[in-house]
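Q: Quick one, protein15.txt (compact mmCIF, C-alpha atoms):
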# COMPACT_ATOMS: atom_id res chain seq x y z
CA MET A 1 -12.01 -53.40 -36.39
CA SER A 2 -14.92 -51.05 -35.76
CA ALA A 3 -16.80 -49.26 -38.50
CA ASP A 4 -15.04 -46.04 -37.51
CA GLU A 5 -11.68 -47.70 -38.21
CA ASP A 6 -12.68 -49.32 -41.51
CA PRO A 7 -10.33 -47.91 -44.19
CA ALA A 8 -12.86 -48.83 -46.89
CA ARG A 9 -15.49 -46.60 -45.30
CA PRO A 10 -15.75 -43.10 -46.91
CA ALA A 11 -14.41 -40.27 -44.73
CA ALA A 12 -17.11 -38.34 -42.87
CA ARG A 13 -18.16 -35.11 -44.53
CA SER A 14 -16.82 -31.90 -43.04
CA ALA A 15 -19.42 -29.19 -42.60
CA TRP A 16 -16.69 -26.58 -42.27
CA ARG A 17 -15.12 -27.66 -45.58
CA ASP A 18 -18.51 -27.21 -47.22
CA VAL A 19 -18.53 -23.53 -46.27
CA PRO A 20 -17.77 -21.47 -49.39
CA PRO A 21 -14.18 -20.22 -49.47
CA ARG A 22 -15.33 -16.59 -49.74
CA GLN A 23 -17.31 -16.94 -46.53
CA VAL A 24 -14.38 -18.64 -44.77
CA ARG A 25 -12.05 -15.83 -45.79
CA GLU A 26 -14.52 -13.27 -44.51
CA PHE A 27 -14.83 -15.13 -41.22
CA ALA A 28 -11.06 -15.31 -40.81
CA ALA A 29 -10.56 -11.64 -41.65
CA LEU A 30 -13.15 -10.51 -39.10
CA ALA A 31 -11.76 -12.87 -36.46
CA LEU A 32 -8.18 -11.69 -37.00
CA GLU A 33 -9.32 -8.08 -36.66
CA GLU A 34 -10.82 -9.01 -33.31
CA VAL A 35 -7.76 -10.86 -32.02
CA PRO A 36 -5.94 -7.95 -30.28
CA ALA A 37 -9.02 -6.75 -28.41
CA LEU A 38 -10.23 -10.30 -27.76
CA ALA A 39 -6.84 -11.25 -26.31
CA GLN A 40 -7.01 -8.26 -23.97
CA ASP A 41 -10.55 -9.20 -22.90
CA ILE A 42 -9.54 -12.82 -22.25
CA LEU A 43 -6.51 -11.79 -20.21
CA ARG A 44 -8.66 -9.36 -18.19
CA GLU A 45 -11.17 -12.10 -17.40
CA ILE A 46 -8.40 -14.55 -16.48
CA ARG A 47 -6.82 -12.06 -14.08
CA ALA A 48 -10.21 -11.36 -12.49
CA GLU A 49 -10.79 -15.09 -12.04
CA TYR A 50 -7.20 -15.80 -10.93
CA PRO A 51 -5.92 -12.66 -9.17
CA GLY A 52 -2.78 -14.44 -7.94
CA LEU A 53 -1.57 -15.21 -11.45
CA PRO A 54 2.06 -13.99 -11.78
CA VAL A 55 2.73 -11.40 -14.47
CA VAL A 56 5.76 -12.32 -16.59
CA LEU A 57 6.95 -9.76 -19.15
CA ASP A 58 8.94 -10.38 -22.31
CA ASP A 59 11.93 -8.29 -23.39
CA SER A 60 9.66 -5.55 -24.73
CA GLY A 61 7.70 -5.32 -21.47
CA GLU A 62 4.57 -7.00 -22.86
CA PRO A 63 2.92 -9.70 -20.71
CA MET A 64 3.87 -13.18 -21.91
CA ALA A 65 0.32 -14.36 -21.22
CA LEU A 66 -1.08 -11.76 -23.61
CA ILE A 67 1.40 -12.79 -26.29
CA GLY A 68 0.45 -16.43 -25.81
CA ILE A 69 -3.29 -15.75 -26.05
CA ARG A 70 -2.84 -13.61 -29.17
CA ARG A 71 -0.64 -16.19 -30.90
CA ALA A 72 -3.02 -19.00 -30.01
CA LEU A 73 -6.00 -17.12 -31.46
CA GLU A 74 -4.12 -16.16 -34.62
CA GLY A 75 -2.85 -19.69 -35.12
CA PHE A 76 -6.29 -21.18 -34.71
CA VAL A 77 -7.98 -18.75 -37.10
CA GLN A 78 -5.25 -19.05 -39.74
CA GLN A 79 -5.51 -22.83 -39.56
CA LEU A 80 -9.25 -22.63 -40.14
CA ALA A 81 -8.79 -20.23 -43.03
CA SER A 82 -6.38 -22.60 -44.76
CA GLN A 83 -8.84 -25.47 -44.32
CA GLU A 84 -5.92 -27.88 -43.92
CA GLY A 85 -7.81 -30.08 -41.52
CA ARG A 86 -6.63 -30.76 -37.99
CA PRO A 87 -4.65 -27.92 -36.38
CA ARG A 88 -0.89 -28.06 -35.92
CA TYR A 89 0.87 -26.71 -32.86
CA HIS A 90 4.07 -24.71 -32.96
CA LEU A 91 3.40 -22.48 -29.96
CA GLU A 92 6.56 -22.75 -27.88
CA VAL A 93 5.24 -20.03 -25.58
CA PHE A 94 2.83 -22.58 -24.12
CA GLN A 95 5.77 -24.85 -23.37
CA GLU A 96 7.23 -21.90 -21.46
CA PHE A 97 4.01 -21.58 -19.48
CA GLY A 98 4.33 -25.23 -18.50
CA ARG A 99 8.00 -24.79 -17.59
CA GLY A 100 7.11 -21.83 -15.44
CA GLU A 101 4.53 -23.83 -13.48
CA GLY A 102 7.06 -26.62 -12.96
CA LEU A 103 9.90 -24.34 -11.89
CA HIS A 104 7.67 -22.62 -9.33
CA GLY A 105 6.46 -25.90 -7.88
CA ARG A 106 2.85 -25.50 -8.99
CA SER A 107 0.63 -28.11 -10.61
CA LEU A 108 -0.85 -27.83 -14.10
CA ASP A 109 -4.43 -27.82 -12.80
CA SER A 110 -4.79 -24.04 -12.61
CA LEU A 111 -3.07 -23.56 -15.97
CA GLN A 112 -5.49 -25.97 -17.67
CA ALA A 113 -8.43 -24.20 -16.03
CA ILE A 114 -7.12 -20.90 -17.41
CA TYR A 115 -6.88 -22.42 -20.89
CA ARG A 116 -10.47 -23.68 -20.70
CA LEU A 117 -11.66 -20.23 -19.62
CA GLY A 118 -9.84 -18.66 -22.57
CA VAL A 119 -11.38 -21.10 -25.03
CA ARG A 120 -14.90 -20.41 -23.73
CA LEU A 121 -14.44 -16.66 -24.05
CA ALA A 122 -12.93 -16.99 -27.53
CA TRP A 123 -15.73 -19.28 -28.67
CA ARG A 124 -18.40 -16.74 -27.70
CA ARG A 125 -16.86 -14.10 -29.96
CA LEU A 126 -16.22 -16.51 -32.83
CA ALA A 127 -19.82 -17.71 -32.60
CA GLU A 128 -21.03 -14.11 -32.89
CA ILE A 129 -18.90 -13.62 -36.01
CA GLY A 130 -20.19 -16.87 -37.50
CA GLN A 131 -23.79 -15.80 -36.89
CA GLN A 132 -23.06 -12.35 -38.34
CA ILE A 133 -21.93 -13.76 -41.69
CA GLU A 134 -24.42 -16.62 -41.62
CA ILE A 135 -22.12 -19.62 -41.43
CA PRO A 136 -24.33 -22.73 -41.07
CA PRO A 137 -24.73 -24.08 -37.49
CA PRO A 138 -23.24 -27.55 -38.35
CA ALA A 139 -20.04 -25.83 -39.47
CA MET A 140 -19.94 -23.78 -36.26
CA TYR A 141 -20.45 -26.94 -34.19
CA GLU A 142 -17.49 -28.44 -36.00
CA LEU A 143 -15.56 -25.24 -35.31
CA ALA A 144 -16.28 -25.62 -31.59
CA GLU A 145 -15.02 -29.21 -31.69
CA SER A 146 -11.83 -28.03 -33.39
CA GLY A 147 -11.44 -25.38 -30.70
CA PHE A 148 -11.43 -27.93 -27.91
CA GLU A 149 -9.06 -30.13 -29.89
CA TYR A 150 -6.83 -27.08 -30.25
CA LEU A 151 -7.07 -26.64 -26.48
CA ASP A 152 -5.84 -30.22 -25.99
CA GLY A 153 -2.84 -29.41 -28.18
CA LEU A 154 -1.99 -26.35 -26.09
CA VAL A 155 -2.23 -28.43 -22.94
CA ASP A 156 0.08 -31.03 -24.49
CA GLN A 157 2.63 -28.29 -25.19
CA SER A 158 2.45 -27.11 -21.58
CA VAL A 159 2.73 -30.65 -20.25
CA ARG A 160 5.88 -31.09 -22.31
CA GLY A 161 7.36 -27.91 -20.88
CA TYR A 162 6.29 -28.92 -17.38
CA ALA A 163 7.97 -32.31 -17.74
CA GLU A 164 11.18 -30.67 -18.99
CA ALA A 165 11.18 -28.31 -16.02
CA ALA A 166 10.55 -31.17 -13.62
CA ALA A 167 13.45 -33.14 -15.08
CA ARG A 168 15.71 -30.09 -14.96
CA GLU A 169 14.68 -29.39 -11.37
CA ALA A 170 15.34 -32.99 -10.37
CA GLY A 171 18.75 -32.88 -12.03
CA GLU A 172 19.62 -29.62 -10.30
CA ARG A 173 18.50 -31.00 -6.96
CA LEU A 174 20.69 -34.07 -7.43
CA ARG A 175 23.64 -31.84 -8.34
CA LEU A 176 23.16 -29.68 -5.24
CA GLN A 177 22.65 -32.79 -3.12
CA ARG A 178 25.94 -34.26 -4.34
CA LYS A 179 27.71 -30.97 -3.55
CA LEU A 180 26.21 -31.02 -0.06
CA LEU A 181 27.28 -34.61 0.43
CA GLU A 182 30.83 -33.82 -0.73
CA LEU A 183 31.00 -30.93 1.72
CA LEU A 184 29.68 -33.09 4.56
CA LEU A 185 32.30 -35.75 3.91
CA SER A 186 35.20 -33.40 3.35
CA GLU A 187 38.07 -33.79 5.80
CA ARG A 188 39.05 -30.16 5.24
CA ARG A 189 35.65 -28.62 5.96
CA SER A 190 35.69 -25.50 8.11
CA ASP A 191 32.21 -24.05 8.37
CA THR A 192 30.32 -22.19 11.00
CA GLY A 193 26.63 -22.64 11.63
CA ALA A 194 26.72 -26.28 10.60
CA GLY A 195 24.03 -27.23 13.06
CA PRO A 196 22.57 -26.76 16.53
CA ALA A 197 25.74 -27.98 18.24
CA HIS A 198 27.80 -25.28 16.52
CA ALA A 199 25.26 -22.59 17.30
CA THR A 200 25.36 -23.25 21.02
CA GLY A 201 29.07 -23.92 21.30
CA THR A 202 28.48 -27.48 22.48
CA GLY A 203 28.80 -30.85 20.82
CA ALA A 204 31.68 -31.65 18.52
CA GLY A 205 33.79 -28.62 19.44
CA PRO A 206 35.44 -26.18 17.05
CA ALA A 207 35.45 -27.01 13.36
CA ARG A 208 38.63 -28.35 11.87
CA GLY A 209 40.24 -27.06 8.70
CA THR A 210 42.96 -25.09 7.10
CA GLY A 211 40.92 -22.30 5.54
CA PRO A 212 37.50 -21.27 4.31
CA ALA A 213 35.08 -23.99 3.30
CA PRO A 214 35.67 -24.72 -0.40
CA HIS A 215 31.95 -25.23 -1.13
CA GLY A 216 30.38 -22.57 1.05
CA ASN A 217 28.37 -22.76 4.21
CA LEU A 218 26.92 -26.15 5.07
CA GLY A 219 23.68 -24.74 6.43
CA GLU A 220 23.03 -22.72 3.28
CA ARG A 221 23.66 -25.70 1.02
CA ALA A 222 21.41 -27.92 3.12
CA ALA A 223 18.62 -25.34 2.93
CA ARG A 224 18.84 -25.27 -0.87
CA VAL A 225 17.86 -28.94 -1.05
CA GLY A 226 15.46 -28.79 1.89
CA TRP A 227 17.65 -30.96 4.12
CA GLN A 228 17.38 -30.27 7.84
CA LEU A 229 20.76 -30.52 9.54
CA PRO A 230 20.71 -33.38 12.08
CA GLU A 231 22.72 -33.73 15.28
CA ARG A 232 24.20 -37.09 14.25
CA VAL A 233 24.70 -38.99 11.01
CA ALA A 234 25.95 -42.33 9.74
CA VAL A 235 27.58 -42.65 6.34
CA GLY A 236 27.08 -45.67 4.10
CA VAL A 237 29.03 -47.05 1.15
CA LEU A 238 27.09 -49.34 -1.19
CA LEU A 239 28.03 -52.05 -3.68
CA ARG A 240 25.82 -52.16 -6.77
CA PRO A 241 24.01 -55.46 -7.35
CA ALA A 242 24.08 -54.61 -11.08
CA ARG A 243 25.31 -51.75 -13.26
CA GLU A 244 21.80 -50.44 -13.93
CA ALA A 245 20.35 -51.22 -10.51
CA VAL A 246 17.44 -49.07 -9.38
CA PRO A 247 18.51 -46.80 -6.49
CA PRO A 248 17.30 -47.97 -3.08
CA ALA A 249 14.16 -46.20 -1.87
CA VAL A 250 15.81 -44.64 1.17
CA GLY A 251 13.44 -41.68 1.43
CA GLN A 252 14.04 -37.95 1.02
CA GLY A 253 15.72 -37.51 4.40
CA VAL A 254 18.69 -39.66 3.34
CA LEU A 255 21.28 -38.03 1.05
CA LEU A 256 22.16 -40.49 -1.71
CA ASP A 257 24.87 -40.10 -4.36
CA MET A 258 24.47 -42.70 -7.10
CA GLU A 259 27.08 -41.13 -9.40
CA ALA A 260 30.06 -42.63 -7.58
CA GLU A 261 31.35 -46.09 -8.53
CA GLN A 262 30.40 -47.13 -5.01
CA PRO A 263 27.30 -45.08 -4.13
CA ARG A 264 27.41 -43.20 -0.84
CA MET A 265 24.66 -42.08 1.48
CA VAL A 266 24.34 -39.93 4.59
CA VAL A 267 21.70 -41.14 7.04
CA PRO A 268 20.41 -38.46 9.42
CA ASP A 269 19.65 -39.43 13.03
CA PRO A 270 20.54 -43.09 12.37
CA GLU A 271 19.54 -44.16 15.88
CA ALA A 272 16.04 -42.66 15.69
CA ALA A 273 13.16 -45.01 16.36
CA GLY A 274 12.27 -47.06 13.28
CA ARG A 275 15.18 -45.78 11.17
CA PRO A 276 17.21 -49.04 11.16
CA GLU A 277 14.17 -51.07 10.08
CA LEU A 278 13.29 -48.60 7.32
CA LEU A 279 16.85 -48.76 6.01
CA ARG A 280 16.87 -52.54 6.16
CA ARG A 281 13.76 -52.71 3.97
CA ALA A 282 15.01 -50.05 1.56
CA MET A 283 18.33 -51.86 1.10
CA THR A 284 16.87 -55.19 0.05
CA GLY A 285 19.03 -56.57 -2.76
CA TRP A 286 21.92 -54.21 -2.01
CA SER A 287 25.13 -54.77 -0.08
CA GLY A 288 27.63 -52.47 1.56
CA ALA A 289 28.33 -51.00 4.96
CA ILE A 290 27.04 -48.19 7.16
CA GLY A 291 29.60 -46.49 9.36
CA PRO A 292 29.11 -45.75 13.07
CA PRO A 293 26.85 -42.86 14.14
CA VAL A 294 28.89 -39.70 14.69
CA ALA A 295 28.36 -35.98 15.22
CA LEU A 296 27.52 -34.14 12.00
CA ALA A 297 30.96 -32.50 11.91
CA ASP A 298 32.62 -35.96 11.99
CA ALA A 299 30.77 -37.48 9.03
CA ALA A 300 34.09 -38.18 7.28
CA LYS A 301 35.07 -40.50 10.14
CA SER A 302 31.94 -42.58 9.66
CA LEU A 303 32.73 -42.73 5.93
CA ARG A 304 36.25 -44.07 6.60
CA TRP A 305 34.91 -46.97 8.67
CA ALA A 306 32.26 -47.77 6.05
CA GLU A 307 34.91 -47.80 3.32
CA ALA A 308 37.13 -50.05 5.44
CA ALA A 309 34.24 -52.46 5.98
CA VAL A 310 33.49 -52.59 2.24
CA ARG A 311 37.14 -53.39 1.49
CA LEU A 312 36.98 -56.29 3.96
CA MET A 313 33.72 -57.48 2.36
CA GLU A 314 35.35 -57.48 -1.07
CA ARG A 315 38.18 -59.61 0.31
CA GLY A 316 35.74 -62.08 1.86
CA LEU A 317 36.68 -61.14 5.43
CA LEU A 318 33.22 -59.78 6.27
CA PRO A 319 29.86 -61.24 5.21
CA ALA A 320 28.78 -60.15 1.73
CA GLY A 321 25.33 -59.85 0.17
CA GLU A 322 23.86 -57.47 2.75
CA VAL A 323 24.30 -53.99 4.18
CA LEU A 324 26.38 -54.32 7.34
CA HIS A 325 26.48 -51.95 10.28
CA CYS A 326 30.06 -51.28 11.36
CA THR A 327 29.01 -51.16 15.01
CA GLU A 328 28.12 -54.86 14.76
CA HIS A 329 31.58 -55.81 13.41
CA THR A 330 33.86 -53.71 15.59
CA GLU A 331 36.28 -56.54 16.35
CA ALA A 332 36.92 -57.30 12.70
CA LEU A 333 37.30 -53.64 11.76
CA VAL A 334 39.71 -52.94 14.61
CA LEU A 335 41.83 -56.05 14.15
CA LEU A 336 41.81 -56.43 10.38
CA GLN A 337 42.04 -52.91 9.07
CA PRO A 338 45.58 -51.87 10.22
CA GLU A 339 47.16 -54.83 8.39
CA GLU A 340 50.77 -53.70 8.49
CA LEU A 341 50.74 -53.14 12.23
CA ILE A 342 48.89 -56.36 12.99
CA GLU A 343 51.13 -58.38 10.69
CA ASP A 344 54.26 -56.99 12.34
CA LEU A 345 52.89 -57.69 15.82
CA THR A 346 51.85 -61.20 14.71
CA ARG A 347 55.34 -61.95 13.40
CA ARG A 348 56.94 -60.92 16.69
CA CYS A 349 54.39 -62.51 19.06
CA LEU A 350 54.13 -65.85 17.25
CA ALA A 351 57.84 -66.21 16.51
CA PRO A 352 58.10 -69.22 18.93
CA LEU A 353 55.89 -71.19 16.51
CA ASP A 354 58.27 -70.70 13.58
CA HIS A 355 60.01 -74.01 14.21
CA CYS A 356 56.77 -76.00 14.52
CA GLY A 357 55.18 -77.62 11.50
CA PRO A 358 52.19 -75.75 9.99
CA ALA A 359 49.56 -78.19 11.27
CA HIS A 360 51.09 -78.51 14.75
CA GLY A 361 51.68 -74.76 14.97
CA ARG A 362 48.03 -74.13 14.13
CA ARG A 363 46.83 -76.55 16.82
CA LEU A 364 49.06 -74.87 19.43
CA ALA A 365 47.82 -71.43 18.35
CA GLU A 366 44.16 -72.54 18.65
CA THR A 367 44.83 -74.01 22.08
CA LEU A 368 46.63 -70.87 23.23
CA LEU A 369 43.73 -68.66 22.07
CA ALA A 370 41.15 -70.88 23.79
CA TRP A 371 43.19 -70.73 27.02
CA LEU A 372 43.50 -66.92 26.79
CA GLU A 373 39.78 -66.51 26.16
CA THR A 374 38.56 -68.90 28.85
CA ARG A 375 41.26 -68.25 31.48
CA GLY A 376 40.34 -71.75 32.60
CA GLY A 377 42.07 -75.06 33.08
CA ALA A 378 42.44 -78.01 30.76
CA PRO A 379 38.81 -79.20 31.06
CA GLU A 380 37.40 -75.81 30.03
CA VAL A 381 39.84 -75.44 27.13
CA ALA A 382 39.20 -79.04 26.04
CA ALA A 383 35.45 -78.45 26.01
CA ARG A 384 35.93 -75.35 23.89
CA LEU A 385 38.16 -77.14 21.38
CA GLY A 386 36.33 -80.47 21.40
CA VAL A 387 39.42 -82.51 22.35
CA HIS A 388 40.50 -84.62 25.34
CA PRO A 389 41.74 -82.68 28.44
CA GLN A 390 44.96 -84.67 28.40
CA THR A 391 45.65 -83.40 24.88
CA VAL A 392 45.17 -79.85 26.10
CA ARG A 393 47.57 -80.42 29.05
CA TYR A 394 50.23 -81.65 26.64
CA ARG A 395 49.81 -78.66 24.38
CA LEU A 396 49.81 -76.17 27.26
CA ARG A 397 53.13 -77.60 28.48
CA GLN A 398 54.57 -77.09 25.01
CA ILE A 399 53.24 -73.53 24.94
CA ARG A 400 54.91 -72.74 28.26
CA GLU A 401 58.17 -74.20 26.98
CA LEU A 402 57.99 -72.08 23.82
CA TRP A 403 57.10 -68.74 25.47
CA GLY A 404 58.58 -69.28 28.92
CA ASP A 405 57.76 -66.74 31.61
CA GLU A 406 56.47 -64.26 29.01
CA ILE A 407 53.21 -66.21 28.93
CA ASP A 408 52.47 -64.90 32.44
CA ASP A 409 52.99 -61.23 31.52
CA PRO A 410 49.56 -59.49 31.17
CA ASP A 411 50.75 -57.23 28.33
CA ARG A 412 52.18 -60.17 26.37
CA ARG A 413 48.96 -62.18 26.89
CA PHE A 414 46.92 -59.25 25.59
CA GLU A 415 49.10 -59.00 22.46
CA LEU A 416 48.88 -62.73 21.90
CA GLU A 417 45.10 -62.74 22.16
CA LEU A 418 44.89 -59.76 19.82
CA VAL A 419 46.97 -61.31 17.03
CA LEU A 420 45.37 -64.73 17.44
CA ARG A 421 41.88 -63.24 17.17
CA ALA A 422 42.98 -61.42 14.03
CA ARG A 423 44.22 -64.70 12.52
CA ARG A 424 40.92 -66.36 13.39
CA LEU A 425 39.00 -63.54 11.69
CA ARG A 426 41.10 -64.13 8.58
CA GLY A 427 40.18 -67.81 8.64
CA LEU A 428 43.71 -68.94 9.58
CA LEU A 429 42.47 -70.50 12.84
CA GLY A 430 39.40 -72.58 13.56
CA ARG A 431 36.45 -71.07 15.37
CA ALA A 432 35.83 -72.61 18.77
As structure tokens - that is how I would like this structure written.

A:
Amino acid sequence: MSADEDPARPAARSAWRDVPPRQVREFAALALEEVPALAQDILREIRAEYPGLPVVLDDSGEPMALIGIRRALEGFVQQLASQEGRPRYHLEVFQEFGRGEGLHGRSLDSLQAIYRLGVRLAWRRLAEIGQQIEIPPPAMYELAESGFEYLDGLVDQSVRGYAEAAAREAGERLRLQRKLLELLLSERRSDTGAGPAHATGTGAGPARGTGPAPHGNLGERAARVGWQLPERVAVGVLLRPAREAVPPAVGQGVLLDMEAEQPRMVVPDPEAAGRPELLRRAMTGWSGAIGPPVALADAAKSLRWAEAAVRLMERGLLPAGEVLHCTEHTEALVLLQPEELIEDLTRRCLAPLDHCGPAHGRRLAETLLAWLETRGGAPEVAARLGVHPQTVRYRLRQIRELWGDEIDDPDRRFELELVLRARRLRGLLGRA
């Protein structure tokens, strides 16, 4: 512990506290008399130095800046007159100044410079009063130190207001962004001016819908969050790695809604150079699916495919633990998503196997699929399955007996290959 921190060490003497109370009261009275005119002088100098400073009036029409300067001066002088030690700060108006800077997108640098200018001007007048009533120089030096400490307190108040405004602005932006995302993904959207394609009459064609857009014009909403409408988008659905997972750093161009149970995102121009790699890095540790690229007006279609892919991931039918691109898993999405239709077609097409035992029926199905995929003879099918050609010839004869002449019909072969591929995707057949 340093000497300055030693609790046993006597507190340093205060030169200001040694000033006789009568002299302090006289100083405070003279300073308070000067406050109105001094506040006007300070504001005049500030406006001359910062001509672009916005003028904000209170309900009575008085400039808020003038009110703030006057209150700050009065508070400082009254604190000195009470000799209570370090100043306290209850000047909410300076929080408002900070909020104003934040809401208008400005930094606090100019505001702090204005505060410093005000303190310098105030100190000159207070020093003149101190000299006039002969307050000792050490006390005035201490007064100057208190003035700059008071300045720090005012800055702290403004920083607090600035932080509140920044948080409020961020929350409002997220709210507007979610509204924009909901509108983009709405099946019932009917807007005009949704993008370049709509403006020229080319692209996705007329908008669909049953009435006016429920959330307003898409272009207007995009402008409110600074999002430039792209020609094409891809929509992603994400699975959280943990309840409190940090959102992926996808960048400002990507609309991200983390409020949903399964977060959603809209990726603009998904095929642009470098975009896939940037997304891959941003999604480290996350899993989910990104739908196919579509025209902006068809974003809901991309969402449907992404949701379908996520459902298959949750059932273990698509790889988990990463963010998949639907365009790389088209076969699985096409064959596995319409379950009722595929199951009905499977039941009808594979009915000849009903009277075979499970193991034998599976071997015949694998052989039939290998034959349909290779369109070759026994040697090619045998090589694909890893069995003897004679075994394949035996199975193919059984297959022809079971299906008869239907096995030569192109439409029936297509249906058989379709349902057999679907069974393989579900893990019900071995992979050749």

Q: Using only C-alpha atoms, which residue out of A:Met258, A:Leu425, A:Leu181, A:Pro247 lies closest to A:Trp227?

A: A:Leu181

Q: With all atoms listed in the file as the counted atoms, please give the residues lying no more than 12 Å from A:Gln132, apart from itself and same-chain residues fewer than 3 positions off, as a list in words.

A: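 So the residues in contact are Gln23, Glu26, Phe27, Leu30, Ala31, Arg125, Leu126, Ala127, Glu128, Ile129, Ile135, Pro136 and Pro137 of chain A.
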
Q: Quick one: pull the distance between atom CA of A:Ala113 and atom CA of A:Trp16, Å, one decimal.

A: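 Atom CA of A:Trp16 lies at a distance of 27.6 Å from atom CA of A:Ala113.
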
Q: Can you tell me, as a PDB file with C-alpha atoms, keeping the file's coordinate frame, what residues are no more than 12 Å from stretch 58-66 of chain A when counting only C-alpha atoms, ignoring any on the same chain fewer than 2 positions away?

A:
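And here's out-v5.pdb as it stands now:
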ATOM      1  CA  VAL A  35      -7.760 -10.860 -32.020  1.00  0.00           C
ATOM      2  CA  PRO A  36      -5.940  -7.950 -30.280  1.00  0.00           C
ATOM      3  CA  ALA A  37      -9.020  -6.750 -28.410  1.00  0.00           C
ATOM      4  CA  LEU A  38     -10.230 -10.300 -27.760  1.00  0.00           C
ATOM      5  CA  ALA A  39      -6.840 -11.250 -26.310  1.00  0.00           C
ATOM      6  CA  GLN A  40      -7.010  -8.260 -23.970  1.00  0.00           C
ATOM      7  CA  ASP A  41     -10.550  -9.200 -22.900  1.00  0.00           C
ATOM      8  CA  ILE A  42      -9.540 -12.820 -22.250  1.00  0.00           C
ATOM      9  CA  LEU A  43      -6.510 -11.790 -20.210  1.00  0.00           C
ATOM     10  CA  ARG A  44      -8.660  -9.360 -18.190  1.00  0.00           C
ATOM     11  CA  GLU A  45     -11.170 -12.100 -17.400  1.00  0.00           C
ATOM     12  CA  ILE A  46      -8.400 -14.550 -16.480  1.00  0.00           C
ATOM     13  CA  ARG A  47      -6.820 -12.060 -14.080  1.00  0.00           C
ATOM     14  CA  LEU A  53      -1.570 -15.210 -11.450  1.00  0.00           C
ATOM     15  CA  PRO A  54       2.060 -13.990 -11.780  1.00  0.00           C
ATOM     16  CA  VAL A  55       2.730 -11.400 -14.470  1.00  0.00           C
ATOM     17  CA  VAL A  56       5.760 -12.320 -16.590  1.00  0.00           C
ATOM     18  CA  GLY A  68       0.450 -16.430 -25.810  1.00  0.00           C
ATOM     19  CA  ILE A  69      -3.290 -15.750 -26.050  1.00  0.00           C
ATOM     20  CA  ARG A  70      -2.840 -13.610 -29.170  1.00  0.00           C
ATOM     21  CA  ARG A  71      -0.640 -16.190 -30.900  1.00  0.00           C
ATOM     22  CA  ALA A  72      -3.020 -19.000 -30.010  1.00  0.00           C
ATOM     23  CA  LEU A  73      -6.000 -17.120 -31.460  1.00  0.00           C
ATOM     24  CA  GLU A  92       6.560 -22.750 -27.880  1.00  0.00           C
ATOM     25  CA  VAL A  93       5.240 -20.030 -25.580  1.00  0.00           C
ATOM     26  CA  PHE A  94       2.830 -22.580 -24.120  1.00  0.00           C
ATOM     27  CA  GLN A  95       5.770 -24.850 -23.370  1.00  0.00           C
ATOM     28  CA  GLU A  96       7.230 -21.900 -21.460  1.00  0.00           C
ATOM     29  CA  PHE A  97       4.010 -21.580 -19.480  1.00  0.00           C
ATOM     30  CA  GLY A  98       4.330 -25.230 -18.500  1.00  0.00           C
ATOM     31  CA  GLY A 100       7.110 -21.830 -15.440  1.00  0.00           C
ATOM     32  CA  LEU A 111      -3.070 -23.560 -15.970  1.00  0.00           C
ATOM     33  CA  ILE A 114      -7.120 -20.900 -17.410  1.00  0.00           C
ATOM     34  CA  TYR A 115      -6.880 -22.420 -20.890  1.00  0.00           C
ATOM     35  CA  GLY A 118      -9.840 -18.660 -22.570  1.00  0.00           C
TER      36      GLY A 118
END

Q: Which residue, A:Leu121, A:Ala81, A:Ala245, A:Val294, has the smallest gap to A:Arg22 when you use only C-alpha atoms?

A: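 Checking each candidate against A:Arg22, we get A:Ala81 as the closest.
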
Q: Calculate, to one decimal in Å, the centre and edge lengths of the box along x, y and z of the file that holds all listed atoms of stretch 57-60 of chain A with 4 Å of margin on each side, and present them as lines of an AutoDock Vina configuration file.

A:
center_x = 9.4
center_y = -8.0
center_z = -21.9
size_x = 13.0
size_y = 12.8
size_z = 13.6

Q: Hey, which of A:Val24, A:Leu32, A:Leu180, A:Ala422 ends up closest to A:Leu341? Count all atoms listed in the file.

A: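 Under the stated criterion, the closest residue is A:Ala422.
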
Q: As an exercise, work out the distance from atom CA of A:Glu339 to atom CA of A:Leu303 in Å and give it to one decimal place.

A: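 These two atoms are separated by 19.0 Å.
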
Q: Quick one: everything within 10 Å of A:Gln228, counting only C-alpha atoms, minus sequence neighbours fewer than 5 positions away in the same chain. Send it as a list of chain:residue names.

A: A:Gly195, A:Gly219, A:Ala222, A:Ala223, A:Gly253, A:Pro268

Q: Set the distance at 12 Å and use only C-alpha atoms: which residues neighbour A:Asp344 once local chain neighbours fewer than 6 positions away are removed? I'd like the list as a count of residues only.

A: 5

Q: So the first atom is atom CA of A:Cys326 and the second is atom CA of A:Gly291; what is the distance between them in Å, to one decimal place?

A: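 Atom CA of A:Gly291 lies at a distance of 5.2 Å from atom CA of A:Cys326.
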
Q: If you count only C-alpha atoms, which residues fall within 10 Å of A:Thr327, apart from same-chain ones fewer than 6 positions away, as a ChimeraX atom specification?

A: /A:290-293,305,333

Q: Write a file of the just-selected residues containing C-alpha atoms, as a PDB file, keeping the file's coordinate frame.

A:
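Result went into out-v6.pdb, see below:
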ATOM      1  CA  ILE A 290      27.040 -48.190   7.160  1.00  0.00           C
ATOM      2  CA  GLY A 291      29.600 -46.490   9.360  1.00  0.00           C
ATOM      3  CA  PRO A 292      29.110 -45.750  13.070  1.00  0.00           C
ATOM      4  CA  PRO A 293      26.850 -42.860  14.140  1.00  0.00           C
ATOM      5  CA  TRP A 305      34.910 -46.970   8.670  1.00  0.00           C
ATOM      6  CA  LEU A 333      37.300 -53.640  11.760  1.00  0.00           C
TER       7      LEU A 333
END

Q: Select, from A:Leu428, A:Ala234, A:Leu174, A:Leu229, the residue with the minimum atom-to-atom distance to A:Glu271, counting all atoms listed in the file.

A: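 Of the candidates, the smallest distance to A:Glu271 is held by A:Ala234.
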